[in-house]
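Novice: What follows is the file protein.cif, containing mmCIF, C-alpha atoms:
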```
data_query
loop_
_atom_site.label_atom_id
_atom_site.label_comp_id
_atom_site.auth_asym_id
_atom_site.auth_seq_id
_atom_site.Cartn_x
_atom_site.Cartn_y
_atom_site.Cartn_z
CA MET N 660 20.50 -8.35 0.17
CA ASP N 661 20.55 -4.72 1.17
CA SER N 662 22.41 -3.63 4.26
CA CYS N 663 21.95 -0.90 6.78
CA VAL N 664 24.99 -0.08 8.91
CA VAL N 665 25.09 2.57 11.63
CA THR N 666 28.56 3.85 12.45
CA GLY N 667 29.02 6.64 14.94
CA SER N 668 26.58 9.37 14.02
CA SER N 669 26.06 8.34 10.41
CA ILE N 670 24.07 5.65 8.65
CA ASN N 671 25.27 4.06 5.43
CA HIS N 672 22.56 2.21 3.57
CA THR N 673 22.89 0.37 0.30
CA ASP N 674 19.61 -0.38 -1.43
CA GLY N 675 19.17 -2.23 -4.66
CA ASP N 676 17.15 0.71 -5.99
CA VAL N 677 18.14 3.71 -3.86
CA PRO N 678 21.70 4.20 -2.58
CA VAL N 679 21.64 6.36 0.52
CA ALA N 680 24.49 7.79 2.55
CA LEU N 681 23.17 10.14 5.17
CA ASP N 682 24.32 11.74 8.37
CA SER N 683 21.97 11.43 11.32
CA SER N 684 22.80 14.85 12.67
CA ASP N 685 19.95 17.27 13.21
CA ASP N 686 21.30 19.65 10.58
CA GLU N 687 21.32 17.12 7.71
CA LEU N 688 18.73 14.47 8.52
CA HIS N 689 15.25 15.26 7.24
CA CYS N 690 12.72 12.45 7.14
CA LYS N 691 9.09 12.96 6.12
CA ILE N 692 6.74 9.98 5.73
CA ASP N 693 2.94 10.09 5.54
CA LEU N 694 1.48 6.74 4.47
CA VAL N 695 -2.14 5.88 5.30
CA HIS N 696 -3.89 2.49 5.19
CA ARG N 697 -0.90 0.72 3.70
CA SER N 698 -1.40 -3.00 3.26
CA GLY N 699 1.41 -5.38 4.09
CA VAL N 700 2.40 -8.59 5.85
CA VAL N 701 2.96 -8.61 9.62
CA VAL N 702 5.21 -11.34 11.06
CA TRP N 703 5.83 -12.01 14.76
CA GLU N 704 6.60 -14.79 17.24
CA ASP N 705 4.05 -16.02 19.74
CA ALA N 706 4.73 -17.07 23.32
CA ASP N 707 5.80 -20.54 22.12
CA HIS N 708 8.32 -19.00 19.68
CA HIS N 709 6.25 -20.05 16.69
CA MET N 710 6.22 -17.68 13.74
CA GLN N 711 2.82 -16.12 13.04
CA HIS N 712 1.80 -13.84 10.19
CA THR N 713 -1.19 -12.01 8.77
CA SER N 714 -1.93 -9.85 5.74
CA ASP N 715 -5.28 -8.51 7.00
CA LEU N 716 -3.89 -5.42 8.73
CA ARG N 717 -3.32 -1.92 7.44
CA MET N 718 -0.71 0.46 8.79
CA ASP N 719 -0.44 4.23 9.06
CA LEU N 720 3.12 5.57 9.11
CA LEU N 721 3.71 9.20 10.05
CA VAL N 722 7.19 10.67 10.61
CA ASP N 723 8.19 14.32 10.26
CA THR N 724 11.58 15.19 11.75
CA SER N 725 11.22 18.86 10.85
CA GLU N 726 8.24 19.13 13.22
CA GLN N 727 9.47 16.39 15.59
CA ARG N 728 6.30 14.31 15.39
CA ALA N 729 5.60 10.68 14.54
CA LEU N 730 3.05 7.89 15.00
CA PHE N 731 2.52 4.32 13.77
CA VAL N 732 -0.92 2.67 13.85
CA LEU N 733 -1.95 -0.88 12.98
CA GLN N 734 -5.60 -1.19 11.99
CA ASN N 735 -8.01 -4.08 11.52
CA PHE N 736 -11.77 -4.37 11.08
CA LEU N 737 -14.16 -6.53 13.08
CA PHE N 738 -17.79 -7.42 12.67
CA VAL N 739 -19.38 -7.12 16.09
CA LYS N 740 -22.74 -8.41 17.18
CA GLY N 741 -25.55 -5.90 16.90
CA SER N 742 -23.92 -4.01 14.00
CA ILE N 743 -24.30 -4.57 10.27
CA SER N 744 -21.04 -2.79 9.40
CA SER N 745 -17.46 -3.50 10.40
CA VAL N 746 -15.84 -1.58 13.24
CA PRO N 747 -12.14 -0.62 13.19
CA LEU N 748 -9.77 -1.80 15.90
CA TYR N 749 -6.43 -0.05 16.43
CA LEU N 750 -2.97 -0.71 17.85
CA PHE N 751 -1.18 2.58 18.50
CA ILE N 752 2.63 2.50 18.46
CA TYR N 753 3.88 5.71 20.00
CA PRO N 754 7.40 6.94 19.12
CA GLU N 755 8.28 7.18 22.82
CA SER N 756 7.86 3.39 23.11
CA ILE N 757 10.04 2.53 20.08
CA HIS N 758 13.47 1.20 20.99
CA SER N 759 14.70 0.85 17.40
CA ILE N 760 13.59 0.27 13.80
CA GLU N 761 15.55 -1.87 11.34
CA PHE N 762 15.32 -1.49 7.56
CA ASP N 763 15.88 -4.13 4.89
CA GLY N 764 15.22 -2.94 1.36
CA GLY N 765 15.44 -6.25 -0.53
CA THR N 766 13.66 -9.18 1.06
CA ARG N 767 10.36 -11.04 1.20
CA PRO N 768 8.13 -12.34 4.01
CA PRO N 769 9.26 -15.74 5.36
CA THR N 770 5.78 -17.19 4.93
CA LEU N 771 4.20 -19.92 2.84
CA GLY N 772 3.56 -18.92 -0.74
CA MET N 773 6.34 -16.32 -0.78
CA GLU N 774 9.26 -18.65 -1.63
CA GLU N 775 8.99 -18.01 -5.36
CA ARG N 776 8.42 -14.27 -5.02
CA SER N 777 11.26 -11.92 -5.87
CA ASN N 778 12.86 -9.84 -3.16
CA HIS N 779 10.81 -6.71 -3.85
CA PHE N 780 9.62 -6.14 -0.28
CA ILE N 781 10.81 -3.67 2.35
CA ARG N 782 11.02 -5.01 5.88
CA LEU N 783 10.61 -2.70 8.88
CA ARG N 784 11.45 -4.44 12.14
CA PHE N 785 9.95 -2.66 15.15
CA THR N 786 11.61 -3.28 18.51
CA LEU N 787 9.51 -1.72 21.28
CA SER N 788 10.17 -0.91 24.90
CA GLN N 789 6.41 -1.10 25.55
CA SER N 790 3.71 -3.15 23.88
CA PRO N 791 1.32 -1.43 21.42
CA THR N 792 -1.73 0.34 22.83
CA PHE N 793 -5.03 -1.49 22.22
CA VAL N 794 -7.84 0.94 21.22
CA PHE N 795 -11.53 0.24 20.56
CA ALA N 796 -14.68 2.33 20.18
CA LYS N 797 -15.79 4.12 23.30
CA ASP N 798 -18.96 2.88 25.00
CA ARG N 799 -19.35 -0.05 22.59
CA ARG N 800 -19.35 -3.76 23.27
CA LEU N 801 -16.37 -5.70 21.97
CA ASP N 802 -18.35 -8.82 21.10
CA PRO N 803 -17.14 -10.02 17.68
CA LYS N 804 -19.02 -12.30 15.40
CA SER N 805 -17.61 -15.77 14.81
CA LYS N 806 -16.03 -14.84 11.49
CA SER N 807 -14.12 -11.96 13.14
CA GLN N 808 -12.86 -13.91 16.16
CA GLY N 809 -9.59 -14.74 14.37
CA ARG N 810 -8.92 -11.07 13.65
CA LEU N 811 -9.48 -10.18 17.28
CA ASP N 812 -7.07 -12.92 18.34
CA VAL N 813 -4.44 -11.51 15.97
CA MET N 814 -4.84 -8.01 17.41
CA LYS N 815 -4.61 -9.39 20.96
CA ALA N 816 -1.43 -11.27 20.08
CA LEU N 817 0.19 -8.18 18.52
CA ALA N 818 -0.85 -6.09 21.52
CA ALA N 819 1.38 -8.31 23.67
CA VAL N 820 4.55 -8.46 21.53
CA ARG N 821 7.60 -6.23 21.66
CA VAL N 822 9.14 -7.19 18.30
CA PHE N 823 7.39 -7.61 14.94
CA ASP N 824 8.14 -7.14 11.24
CA PHE N 825 6.05 -5.21 8.73
CA TYR N 826 6.65 -5.95 5.02
CA LEU N 827 5.78 -3.34 2.38
CA ASP N 828 5.65 -3.99 -1.36
CA LYS N 829 8.29 -1.81 -3.05
CA LEU N 830 6.32 -1.75 -6.30
CA ARG N 831 3.69 0.38 -4.55
CA LEU N 832 6.24 2.91 -3.31
CA GLY N 833 8.17 5.55 -5.21
CA LEU N 834 11.93 5.94 -5.06
CA GLU N 835 11.64 9.01 -2.85
CA MET N 836 9.45 7.21 -0.31
CA ARG N 837 11.82 4.24 -0.26
CA SER N 838 14.72 6.54 0.55
CA GLN N 839 12.64 8.16 3.31
CA LEU N 840 11.84 4.76 4.82
CA ALA N 841 15.57 3.96 4.76
CA LEU N 842 16.10 6.85 7.22
CA LEU N 843 13.95 5.29 9.96
CA PRO N 844 16.86 3.38 11.57
CA SER N 845 18.74 6.64 12.09
CA VAL N 846 15.64 8.52 13.30
CA PHE N 847 14.85 5.78 15.86
CA SER N 848 18.39 4.67 16.61
CA SER N 849 18.83 2.57 19.76
CA THR N 850 22.03 4.47 20.55
CA SER N 851 20.36 7.87 20.47
CA VAL N 852 17.22 8.52 22.47
CA TYR N 853 17.42 12.31 22.51
CA ASP N 854 15.78 14.64 19.99
CA ARG N 855 13.46 11.88 18.84
CA PRO N 856 10.07 12.71 17.35
CA LYS N 857 7.19 12.93 19.81
CA THR N 858 3.66 11.64 19.42
CA ASP N 859 1.63 13.64 16.91
CA ALA N 860 -1.07 15.33 18.97
CA HIS N 861 -3.70 15.33 16.22
CA ARG N 862 -3.15 11.85 14.81
CA GLY N 863 -2.71 10.40 18.28
CA SER N 864 -5.95 11.86 19.66
CA LEU N 865 -8.54 9.21 20.47
CA HIS N 866 -11.41 11.72 20.34
CA ARG N 867 -11.31 11.95 16.54
CA LEU N 868 -11.81 8.21 16.04
CA TYR N 869 -15.07 6.49 15.16
CA ALA N 870 -16.62 9.50 13.43
CA GLY N 871 -16.02 11.71 16.45
CA ALA N 872 -17.50 9.29 18.99
CA GLY N 873 -14.01 8.65 20.35
CA GLY N 874 -12.03 5.60 21.31
CA GLN N 875 -10.78 4.16 24.58
CA ILE N 876 -7.65 2.27 25.59
CA LEU N 877 -8.27 -1.30 26.71
CA ASP N 878 -5.86 -2.92 29.13
CA LEU N 879 -5.75 -6.57 28.14
CA GLY N 880 -4.00 -7.47 31.37
CA THR N 881 -6.91 -6.34 33.53
CA ALA N 882 -9.51 -6.71 30.76
CA ALA N 883 -10.90 -3.24 31.42
CA PRO N 884 -10.69 0.26 30.01
CA VAL N 885 -7.84 2.38 31.35
CA SER N 886 -8.87 5.20 33.69
CA SER N 887 -12.39 6.60 34.05
CA THR N 888 -12.80 10.14 35.33
CA SER N 889 -16.49 10.26 36.10
CA ALA N 890 -19.20 8.10 37.58
CA SER N 891 -21.15 8.20 34.34
CA ASN N 892 -18.18 6.90 32.40
CA THR N 893 -17.70 4.15 34.98
CA THR N 894 -21.35 3.12 34.67
CA ILE N 895 -21.14 3.06 30.89
CA GLN N 896 -17.91 1.06 30.88
CA GLN N 897 -19.27 -1.77 33.06
CA PRO N 898 -20.89 -3.69 30.14
CA VAL N 899 -17.74 -3.11 28.08
CA GLN N 900 -15.55 -4.38 30.92
CA GLN N 901 -17.62 -7.53 31.30
CA THR N 902 -17.45 -8.13 27.56
CA ILE N 903 -13.68 -7.70 27.57
CA GLU N 904 -13.44 -10.22 30.42
CA GLU N 905 -15.35 -12.76 28.36
CA VAL N 906 -13.78 -12.11 24.96
CA VAL N 907 -10.28 -10.71 25.34
CA ALA N 908 -8.98 -12.56 28.38
CA PRO N 909 -7.90 -15.88 26.71
CA PRO N 910 -4.30 -15.53 25.47
CA TYR N 911 -3.63 -15.91 21.80
CA THR N 912 -2.17 -19.26 20.74
CA LYS N 913 -1.31 -20.74 17.41
CA ASP N 914 -4.08 -23.33 17.38
CA GLU N 915 -6.52 -20.94 19.08
CA THR N 916 -7.33 -23.47 21.81
CA LEU N 917 -7.62 -22.87 25.53
CA GLN N 918 -4.66 -23.74 27.71
CA SER N 919 -6.65 -24.92 30.71
CA PRO N 920 -10.32 -25.28 31.74
CA ALA N 921 -9.84 -22.61 34.39
CA GLN N 922 -9.61 -19.84 31.82
CA VAL N 923 -12.52 -17.48 31.33
CA ILE N 924 -15.12 -18.82 28.92
CA THR N 925 -15.13 -17.25 25.45
CA PRO N 926 -18.29 -16.71 23.35
CA SER N 927 -17.48 -19.82 21.31
CA ASP N 928 -17.45 -21.91 24.51
CA ARG N 929 -20.71 -20.61 25.99
CA LYS N 930 -22.53 -23.72 24.80
CA ARG N 931 -20.21 -25.91 26.87
CA ARG N 932 -21.39 -27.05 30.24
CA ARG N 933 -19.81 -24.96 32.98
CA THR N 934 -18.30 -27.09 35.73
CA SER N 935 -17.60 -26.28 39.32
CA GLU N 936 -13.90 -25.94 38.44
CA SER N 937 -14.41 -23.10 35.92
CA LEU N 938 -16.86 -20.95 37.91
CA SER N 939 -17.71 -20.85 41.57
CA PRO N 940 -21.41 -20.62 42.59
CA SER N 941 -20.99 -17.05 43.78
CA THR N 942 -19.41 -15.93 40.51
CA ALA N 943 -22.09 -17.69 38.48
CA ASP N 944 -24.88 -16.13 40.54
CA LYS N 945 -23.30 -12.73 40.21
CA ARG N 946 -23.05 -13.03 36.45
CA ILE N 947 -26.62 -14.30 36.18
CA LEU N 948 -27.88 -11.35 38.22
CA THR N 949 -25.80 -8.97 36.12
CA ALA N 950 -27.19 -10.49 32.95
CA PHE N 951 -30.75 -10.16 34.24
CA ALA N 952 -30.08 -6.54 35.22
CA GLN N 953 -28.74 -5.76 31.76
CA LEU N 954 -31.70 -7.55 30.17
CA ALA N 955 -34.14 -5.53 32.27
CA LYS N 956 -32.33 -2.33 31.39
CA ARG N 957 -32.45 -3.14 27.68
CA HIS N 958 -36.13 -4.06 27.95
CA ALA N 959 -36.89 -0.72 29.60
CA ASP N 960 -34.85 1.05 26.95
CA LEU N 961 -36.76 -0.73 24.18
CA GLN N 962 -40.08 0.14 25.78
CA SER N 963 -39.03 3.76 25.98
CA ARG N 964 -38.01 3.76 22.33
CA VAL N 965 -41.26 2.09 21.27
CA ALA N 966 -43.27 4.68 23.22
CA HIS N 967 -41.25 7.43 21.64
CA LEU N 968 -41.86 5.99 18.15
CA GLU N 969 -45.59 5.67 18.82
CA LYS N 970 -45.69 9.29 19.92
CA MET N 971 -43.78 10.39 16.81
CA ILE N 972 -46.15 8.41 14.55
CA ALA N 973 -49.19 9.91 16.28
CA ASP N 974 -47.79 13.41 15.94
CA SER N 975 -46.97 12.85 12.27
CA ARG N 976 -50.55 11.75 11.59
CA CYS N 977 -52.00 14.82 13.28
CA GLU N 978 -49.67 17.45 11.95
CA HIS N 979 -46.59 17.39 9.75
CA THR N 980 -43.45 18.34 11.62
CA PRO N 981 -40.14 18.91 9.88
CA CYS N 982 -37.07 16.87 10.79
CA ARG N 983 -35.53 18.19 13.99
CA TYR N 984 -31.97 18.87 12.90
CA GLY N 985 -29.45 19.43 15.66
CA THR N 986 -31.18 17.17 18.16
CA GLU N 987 -29.37 14.40 19.96
CA GLU N 988 -31.27 11.68 18.09
CA MET N 989 -30.41 13.12 14.70
CA GLU N 990 -26.75 13.56 15.64
CA ASN N 991 -26.61 9.98 16.82
CA ILE N 992 -28.20 8.70 13.60
CA LEU N 993 -25.92 10.82 11.44
CA GLY N 994 -22.93 9.58 13.41
CA HIS N 995 -23.86 5.96 12.77
CA VAL N 996 -24.52 6.70 9.10
CA ASP N 997 -21.19 8.48 8.71
CA ASP N 998 -19.42 5.65 10.49
CA LYS N 999 -20.98 3.05 8.19
CA ILE N 1000 -20.25 5.12 5.08
CA ASP N 1001 -16.62 5.61 6.13
CA ASN N 1002 -16.11 1.93 6.86
CA ASP N 1003 -17.81 0.79 3.66
CA MET N 1004 -15.91 3.36 1.61
CA ASP N 1005 -12.61 2.24 3.15
CA ASN N 1006 -13.39 -1.39 2.36
CA VAL N 1007 -14.42 -0.57 -1.19
CA ARG N 1008 -11.42 1.69 -1.70
CA TRP N 1009 -8.96 -0.95 -0.51
CA GLU N 1010 -10.55 -3.61 -2.67
CA LEU N 1011 -10.51 -1.26 -5.64
CA GLU N 1012 -6.89 -0.29 -4.96
CA ASP N 1013 -5.82 -3.92 -4.87
CA LYS N 1014 -7.84 -4.79 -7.97
CA VAL N 1015 -6.69 -1.71 -9.89
CA PHE N 1016 -3.09 -2.36 -8.91
CA ASP N 1017 -3.22 -6.00 -10.06
CA GLU N 1018 -5.02 -5.15 -13.30
CA THR N 1019 -2.69 -2.21 -13.91
CA ARG N 1020 0.37 -4.36 -13.39
CA GLU N 1021 -0.95 -6.98 -15.81
CA LEU N 1022 -1.96 -4.31 -18.31
CA VAL N 1023 1.42 -2.58 -18.06
CA ALA N 1024 3.24 -5.88 -18.57
CA GLU N 1025 1.06 -6.72 -21.57
CA LYS N 1026 1.33 -3.24 -23.08
CA THR N 1027 5.09 -3.20 -22.45
CA GLU N 1028 5.52 -6.49 -24.28
CA GLU N 1029 3.36 -5.29 -27.16
CA GLN N 1030 5.20 -1.98 -27.28
CA GLN N 1031 8.56 -3.72 -27.30
CA SER N 1032 7.45 -5.99 -30.14
CA GLN N 1033 6.14 -2.97 -32.05
CA TRP N 1034 9.38 -1.08 -31.42
CA TRP N 1035 11.45 -3.99 -32.69
CA ALA N 1036 9.27 -4.27 -35.80
CA ASP N 1037 9.49 -0.51 -36.38
CA MET N 1038 13.27 -0.55 -35.86
CA ARG N 1039 13.69 -3.44 -38.30
CA GLU N 1040 11.48 -1.72 -40.85
CA GLY N 1041 13.32 1.56 -40.37
CA LEU N 1042 16.70 -0.11 -40.75
CA MET N 1043 15.55 -1.91 -43.89
CA ASP N 1044 14.26 1.36 -45.36
CA GLU N 1045 17.53 3.11 -44.56
CA MET N 1046 19.54 0.26 -46.06
CA ARG N 1047 17.37 0.27 -49.19
CA HIS N 1048 17.74 4.05 -49.49
CA GLU N 1049 21.52 3.94 -49.03
CA ILE N 1050 21.91 1.07 -51.52
CA LYS N 1051 19.71 2.91 -54.00
CA GLU N 1052 21.73 6.10 -53.63
CA GLU N 1053 24.99 4.20 -54.03
CA LEU N 1054 23.66 2.43 -57.13
CA LYS N 1055 22.52 5.75 -58.56
CA ALA N 1056 25.93 7.29 -57.95
CA GLU N 1057 27.73 4.35 -59.58
CA LEU N 1058 25.34 4.43 -62.55
CA ARG N 1059 25.90 8.17 -62.95
CA GLN N 1060 29.64 7.65 -62.95
CA GLU N 1061 29.45 4.80 -65.44
CA LEU N 1062 27.06 6.76 -67.71
CA ALA N 1063 29.29 9.81 -67.54
CA ALA N 1064 32.34 7.71 -68.43
CA GLU N 1065 30.46 6.02 -71.29
CA ILE N 1066 29.19 9.37 -72.57
CA LYS N 1067 32.73 10.76 -72.46
CA ARG N 1068 34.07 7.77 -74.39
CA GLU N 1069 31.32 8.14 -77.01
CA LEU N 1070 31.97 11.88 -77.31
CA PHE N 1071 35.70 11.36 -77.67
CA LYS N 1072 35.07 8.64 -80.26
CA ASP N 1073 32.68 10.86 -82.22
CA MET N 1074 35.09 13.78 -82.04
CA ALA N 1075 37.97 11.57 -83.27
CA GLN N 1076 35.90 10.27 -86.14
CA ALA N 1077 34.81 13.80 -87.06
CA MET N 1078 38.39 15.02 -87.00
CA MET N 1079 39.48 12.09 -89.15
CA ARG N 1080 36.69 12.77 -91.63
CA ALA N 1081 37.61 16.45 -91.69
CA ALA N 1082 41.26 15.62 -92.33
CA CYS N 1083 40.40 13.25 -95.18
CA GLY N 1084 38.12 15.87 -96.79
CA ASN N 1085 40.85 18.53 -96.80
CA GLY N 1086 43.33 16.14 -98.48
CA GLU N 1087 40.94 15.32 -101.29
CA LYS N 1088 40.28 19.04 -101.95
CA SER N 1089 43.97 19.84 -102.14
CA GLY N 1090 44.56 16.97 -104.65
CA VAL N 1091 41.79 18.19 -106.94
CA GLY N 1092 43.18 21.72 -106.91
CA MET N 1093 46.67 20.58 -107.93
CA SER N 1094 45.33 18.52 -110.87
CA GLN N 1095 43.33 21.46 -112.21
CA SER N 1096 46.42 23.71 -112.01
CA THR N 1097 48.50 21.21 -114.04
CA GLN N 1098 45.88 20.97 -116.74
CA SER N 1099 45.71 24.76 -117.13
CA THR N 1100 49.51 24.98 -117.52
CA ASP N 1101 49.56 22.34 -120.19
CA SER N 1102 46.90 24.09 -122.23
CA THR N 1103 48.80 27.34 -122.15
CA GLN N 1104 51.87 25.70 -123.54
#
```
Render the structure in this file as C-alpha cells.
Specialist:
Amino acid sequence: MDSCVVTGSSINHTDGDVPVALDSSDDELHCKIDLVHRSGVVVWEDADHHMQHTSDLRMDLLVDTSEQRALFVLQNFLFVKGSISSVPLYLFIYPESIHSIEFDGGTRPPTLGMEERSNHFIRLRFTLSQSPTFVFAKDRRLDPKSKSQGRLDVMKALAAVRVFDFYLDKLRLGLEMRSQLALLPSVFSSTSVYDRPKTDAHRGSLHRLYAGAGGQILDLGTAAPVSSTSASNTTIQQPVQQTIEEVVAPPYTKDETLQSPAQVITPSDRKRRRTSESLSPSTADKRILTAFAQLAKRHADLQSRVAHLEKMIADSRCEHTPCRYGTEEMENILGHVDDKIDNDMDNVRWELEDKVFDETRELVAEKTEEQQSQWWADMREGLMDEMRHEIKEELKAELRQELAAEIKRELFKDMAQAMMRAACGNGEKSGVGMSQSTQSTDSTQ
C-alpha cells in the first residue's frame, strides 16, 4: 500500500510507481491537473451507514496552483420526459468547500467484482465542509424517465454527503499525472486553509452549460431553485419547482423505497391511490387547479404553434422565403440541435474510449507476448549462429595449425632425404675418381 504523510509544511508520498517528496511551500509546490470526463468508481456511505457505489459518473478535475484556480465536477446523464436525448446533470465541488483530499496510489474499490483486481487504482477521498452543489438545466423540467430514476437518486444521494471516494484507473494515467494527483493532499491540506486555489471563474460559470442555455442551482432541501432575480424568472421556475417537489424530495435510500406514506409522491407512485393521510383536500385541489392551468397554457401554446405553422406553410406555397437566420426560433432550434449533438457525441466518445482502451490493452498484451516469443526465438537463433561461427573459426584455426605442422614435417623430411641422397652421390663420385687415378698410375709403370 502507498502512504501519504504530511509532516509540518512538507508532504512525503511513496507511490508504487512514482516516488514523490515535495514541499508544500508556495515557492516549490506547483500542481497542474486538467482531466475532463474521467470515468471512475464513486463510493460513499448513505444515511444508514451502508456503503454505496456507482461507476456511471464522470468527473472533471481542474487544479492550477500557479493561477490559484480549481474546480471538481461530477457529471451524469438523465433521460427526461419530452426529450429524445439525454440531459447532463452536475454536482459542482468548489475548492472553498473542500476540507481535505486524501491520496492513495495503490488500492482498488471495495465493491463486488473488484476482489480479484490488482491494486492499480488511485483513490481520492474528498472531505467537504459543504455538500456538493446540485445543478440542472435552466427552465427545464426535471422529470426523468423510469430508466433514469436510479441515476437521479444517485446524484441526490451524493448531493447530500460530505465524504466520498473517487477511484481512478492508473493504467489510463501517465506517470506525470499520477505525481500531480499525489500533490492534492498538500494543496488542500486540512491544516492550511490560506493561499488555497479559488473557484475557476470560467469553468465554474453556469451560463456556459447546456449549449449556452445556462444551468441553475437546485436546493434539494427546499426543492426549489436558489434565488430568482426577476418576476419572469420566478414565473418560469414555478413548473420546475413543482417538478422538483414531486421528483427530488424523497431521500435516497439503499432499497429505493419510501420511508413513510407521508412523503411526497414520486412519479413511480402516481398510480397509487392517494389517501387522506398523504394529501389534504386543499393541497390536492390546489395541485389539480395548477395542473389544469398548466394544461390550458400548453394547449394555448400548441394552438399558437399550429397557427404559426399553418401560416408558414401558406406563405411557402405562395412565395418562397429563405430561412430566417438569426431569429429566435432558429436560435432555439440550433441550440437544441447542438445540445443533442454534444450529448450524443459525448456518449459515443466515451463508449469508443472504453472500447478502444479494452481492445488496445488486449492487443498490446497479445502483441507483447508474440514479440517476446519472437525475441526469444531470434536470440536463440542468433546465439546458435554465433556459436556455430566461433566453433567454425576455432576449427579452422586448429586445422591451419595442424596442416602447417604437417607441412613442416613433410618439408623437413624431404629436405633430409634430399641431403642424404646428395651426400651418397658425392661419395660415389669420389670413389670412382680414386679408382681411375690408380689405374692410370699402374699403366705408366
Novice: Using all atoms listed in the file, pick whichever of N:Met1046, N:Ala872, N:Ile760, N:Val965 has the shortest atom-to-atom distance to Leu993 (chain N).
Specialist: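 The closest residue to Leu993 (chain N) is N:Ala872.
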Novice: For the atom pair CA of Tyr826 (chain N) and CA of Gly699 (chain N), what is the interatomic distance in Å to one decimal place?
Specialist: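 Those two atoms sit 5.4 Å apart.
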Novice: Calculated over all atoms listed in the file, which of the candidates N:Pro769, N:Asp824, N:Val732, N:Asp812 has the smallest distance to Val701 (chain N)?
Specialist: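 Once distances to Val701 (chain N) are computed over all atoms listed in the file, the minimum belongs to N:Asp824.
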Novice: Near Met814 (chain N), counting all atoms listed in the file, which residues have an atom at most 9 Å away, once you skip same-chain residues fewer than 2 positions from it, shown as a VMD selection string?
Specialist: chain N and resid 733 to 735 748 to 750 793 809 to 812 816 to 819
Novice: Produce a file of the selected residues containing C-alpha atoms, as a PDB file, in the coordinates of the input.
Specialist:
```
ATOM      1  CA  LEU N 733      -1.950  -0.880  12.980  1.00  0.00           C
ATOM      2  CA  GLN N 734      -5.600  -1.190  11.990  1.00  0.00           C
ATOM      3  CA  ASN N 735      -8.010  -4.080  11.520  1.00  0.00           C
ATOM      4  CA  LEU N 748      -9.770  -1.800  15.900  1.00  0.00           C
ATOM      5  CA  TYR N 749      -6.430  -0.050  16.430  1.00  0.00           C
ATOM      6  CA  LEU N 750      -2.970  -0.710  17.850  1.00  0.00           C
ATOM      7  CA  PHE N 793      -5.030  -1.490  22.220  1.00  0.00           C
ATOM      8  CA  GLY N 809      -9.590 -14.740  14.370  1.00  0.00           C
ATOM      9  CA  ARG N 810      -8.920 -11.070  13.650  1.00  0.00           C
ATOM     10  CA  LEU N 811      -9.480 -10.180  17.280  1.00  0.00           C
ATOM     11  CA  ASP N 812      -7.070 -12.920  18.340  1.00  0.00           C
ATOM     12  CA  ALA N 816      -1.430 -11.270  20.080  1.00  0.00           C
ATOM     13  CA  LEU N 817       0.190  -8.180  18.520  1.00  0.00           C
ATOM     14  CA  ALA N 818      -0.850  -6.090  21.520  1.00  0.00           C
ATOM     15  CA  ALA N 819       1.380  -8.310  23.670  1.00  0.00           C
TER      16      ALA N 819
END
```
Novice: Provide the CA of His689 (chain N) to CA of Ser725 (chain N) distance in Å, to one decimal place.
Specialist: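 These atoms are spaced 6.5 Å apart.
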Novice: Could you tell me how far CA of Ala860 (chain N) lies from CA of Arg800 (chain N), in Å and to one decimal?
Specialist: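 Interatomic distance, CA of Ala860 (chain N) to CA of Arg800 (chain N): 26.8 Å.
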Novice: I need the residue nearest Thr786 (chain N) from this list: N:His861, N:Arg821, N:Arg1039, N:Lys1026. Use all atoms listed in the file for the distance.
Specialist: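 Closest residue, counting all atoms listed in the file: N:Arg821.
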Novice: Let me make sure I understand: among N:Pro844, N:Pro747, N:Gly741, N:Gly874, which one has the smallest atom-to-atom distance to Asp763 (chain N) if we use only C-alpha atoms?
Specialist: N:Pro844
